[in-house]
Every structure is written in structure tokens, then in C-alpha cells.
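Okay, so here's the structure we're looking at.
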Amino acid sequence: MTGRVHAVLVAAVLCAACQLERRPDAPGTELAVDQPVQAAATDSAEAALTAMTSALEAGDPARVSQLATADAVLIDQTEGIRWTRADSASPLPAPMRASTGGLGWRLLDSSSSRLAPDAALFSLSYAASVSVDTIPRTALESWVMVRTDGSWKVRYLHRSRGLASSASRP
């Protein structure tokens, strides 16, 4: 019987050792697992950015306030606009796709990156156009989104415009 008990103990120790052994994951395993989670979080941040753009298009400060953090700052450097929730009566930045005086903007490029699990950065670049002709002016928007209470909100927008460099002209 002692031989049998000894064999059972050895088998139990070996099984426990195999289960408790800490092995490094294969390279890229974490990334493969995180991609769907990151994609879902980025999609919801993109949805919040789209909702904020719609609120700016509507000129709705109440909706903009709902979609922004308490300390949010929206800046349009060229237009001299600085909007905060504390001063929500100040003018809102106009959306870039809006056409004013015949000048419109079309999206050239966009990128996003996760700064942390609850923070994302979006960078959008635009080219100016009059009717169908592109003119040598560009604009760049940088958006910082944060997740608070389970939803994404805008913490920061900075927009600037200028002449396009000859290398970046469409």
C-alpha cells in the first residue's frame, strides 16, 4: 500500500507542478487577445468623437457639454475660439467639414492611438477646397478622449490651420 500511496503522491506533485508552472506567453499572444478589446474601445471612442462632431455641427452647447469632461477645453487657434464647460456660453468651434464663404474642408487622413486603457488620441488632417478645387491650405485637429463612468468623452480639442507645404499638397 505504501508503494501505491507513494505513486499517488508523486503523481499529484507532478500534476501540481505542471499546473503551477509559470510560462511566458508566446510572442504576440497578448496582442492577439487584446486586439478585439482594443478595437471595441476604439470604436466607442470614435462613436463619441462622431457624436461630438454632430453636436458642433448643430451648434448645441448643451449636447457638447454632455459629451465633454468637466475640464474639457476645445480650441480653434485660427478662429481664436477657446470653449470650456465653465464658460459654455462662449462660441463653439465650427466643425471642419462645414463650408463657410464657399470654403469647405475634406478629410485627408486620420489616425488614432491608445494612450492608456481609458485614453485615446485622434489626429485628423484636412485639405481646404473651394467648390471642387483643392487649395493649398490644411488643417490639423488633435482630439484627446477619455473614458469616464463607462463612456468616452472629449477632454481636449486643438485645431490649427495653415498653408500646405509643397510636399503635402494633394
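Labeling convention for the C-alpha cells: chains A, B, ... as they appear, residues from 1 per chain, ligands from 1 in order of appearance.
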
Need the shell around stretch 136-144 of chain A: protein/DNA/RNA residues with any atom at most 8 Å away, counting only C-alpha atoms. Skip same-chain ones fewer than 3 positions apart. Format as a ChimeraX atom specification? /A:119-128,154-165,169

Nearest to A:Asp87, chosen from A:Leu67, A:Met52, A:Pro61, A:Leu107, with only C-alpha atoms counted in the distances: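 Using only C-alpha atoms, the shortest distance to A:Asp87 belongs to A:Pro61.
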
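Backbone DSSP assigns alpha helix (DSSP H) in stretch 36-143 of chain A to Pro36, Val37, Gln38, Ala39, Ala40, Ala41, Thr42, Asp43, Ser44, Ala45, Glu46, Ala47, Ala48, Leu49, Thr50, Ala51, Met52, Thr53, Ser54, Ala55, Leu56, Glu57, Ala58, Pro61, Ala62, Arg63, Val64, Ser65 and Gln66 of chain A.
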
How about saving the chosen residues, N, CA and C atoms kept, as a compact mmCIF listing (two decimals), in the first residue's frame?
# COMPACT_ATOMS: atom_id res chain seq x y z
N PRO A 36 -9.29 42.55 -30.15
CA PRO A 36 -10.74 42.79 -30.17
C PRO A 36 -11.18 43.76 -29.08
N VAL A 37 -10.57 43.66 -27.89
CA VAL A 37 -10.92 44.57 -26.80
C VAL A 37 -10.53 45.99 -27.19
N GLN A 38 -9.32 46.16 -27.71
CA GLN A 38 -8.87 47.49 -28.11
C GLN A 38 -9.72 48.02 -29.25
N ALA A 39 -10.08 47.19 -30.20
CA ALA A 39 -10.90 47.63 -31.32
C ALA A 39 -12.27 48.10 -30.83
N ALA A 40 -12.87 47.37 -29.89
CA ALA A 40 -14.18 47.77 -29.37
C ALA A 40 -14.07 49.09 -28.62
N ALA A 41 -13.02 49.26 -27.83
CA ALA A 41 -12.84 50.51 -27.09
C ALA A 41 -12.59 51.67 -28.04
N THR A 42 -11.79 51.44 -29.08
CA THR A 42 -11.52 52.49 -30.05
C THR A 42 -12.79 52.84 -30.80
N ASP A 43 -13.60 51.84 -31.17
CA ASP A 43 -14.86 52.11 -31.86
C ASP A 43 -15.77 52.99 -31.03
N SER A 44 -15.84 52.73 -29.73
CA SER A 44 -16.72 53.56 -28.90
C SER A 44 -16.15 54.97 -28.75
N ALA A 45 -14.83 55.11 -28.74
CA ALA A 45 -14.22 56.44 -28.71
C ALA A 45 -14.51 57.16 -30.03
N GLU A 46 -14.45 56.43 -31.13
CA GLU A 46 -14.78 57.01 -32.43
C GLU A 46 -16.25 57.43 -32.48
N ALA A 47 -17.12 56.63 -31.89
CA ALA A 47 -18.54 56.97 -31.84
C ALA A 47 -18.75 58.25 -31.03
N ALA A 48 -18.03 58.40 -29.93
CA ALA A 48 -18.13 59.62 -29.12
C ALA A 48 -17.61 60.83 -29.90
N LEU A 49 -16.54 60.63 -30.67
CA LEU A 49 -15.99 61.72 -31.49
C LEU A 49 -16.99 62.11 -32.57
N THR A 50 -17.64 61.13 -33.19
CA THR A 50 -18.67 61.40 -34.19
C THR A 50 -19.85 62.16 -33.57
N ALA A 51 -20.25 61.76 -32.37
CA ALA A 51 -21.35 62.45 -31.68
C ALA A 51 -20.96 63.89 -31.36
N MET A 52 -19.71 64.11 -30.96
CA MET A 52 -19.26 65.48 -30.67
C MET A 52 -19.25 66.31 -31.94
N THR A 53 -18.81 65.76 -33.05
CA THR A 53 -18.80 66.48 -34.32
C THR A 53 -20.23 66.87 -34.71
N SER A 54 -21.19 65.95 -34.50
CA SER A 54 -22.59 66.25 -34.79
C SER A 54 -23.11 67.37 -33.89
N ALA A 55 -22.71 67.36 -32.62
CA ALA A 55 -23.13 68.42 -31.70
C ALA A 55 -22.55 69.76 -32.11
N LEU A 56 -21.30 69.76 -32.59
CA LEU A 56 -20.68 71.00 -33.08
C LEU A 56 -21.38 71.48 -34.34
N GLU A 57 -21.72 70.55 -35.24
CA GLU A 57 -22.45 70.92 -36.46
C GLU A 57 -23.79 71.55 -36.13
N ALA A 58 -24.46 71.03 -35.09
CA ALA A 58 -25.76 71.56 -34.69
C ALA A 58 -25.61 72.85 -33.87
N PRO A 61 -24.55 73.75 -27.52
CA PRO A 61 -23.64 73.75 -26.38
C PRO A 61 -24.05 72.78 -25.26
N ALA A 62 -25.35 72.56 -25.10
CA ALA A 62 -25.80 71.61 -24.06
C ALA A 62 -25.32 70.20 -24.40
N ARG A 63 -25.46 69.80 -25.65
CA ARG A 63 -25.01 68.47 -26.07
C ARG A 63 -23.49 68.37 -26.02
N VAL A 64 -22.79 69.43 -26.43
CA VAL A 64 -21.33 69.45 -26.35
C VAL A 64 -20.90 69.26 -24.89
N SER A 65 -21.57 69.92 -23.97
CA SER A 65 -21.25 69.78 -22.55
C SER A 65 -21.44 68.35 -22.06
N GLN A 66 -22.48 67.68 -22.54
CA GLN A 66 -22.73 66.29 -22.15
C GLN A 66 -21.63 65.36 -22.66
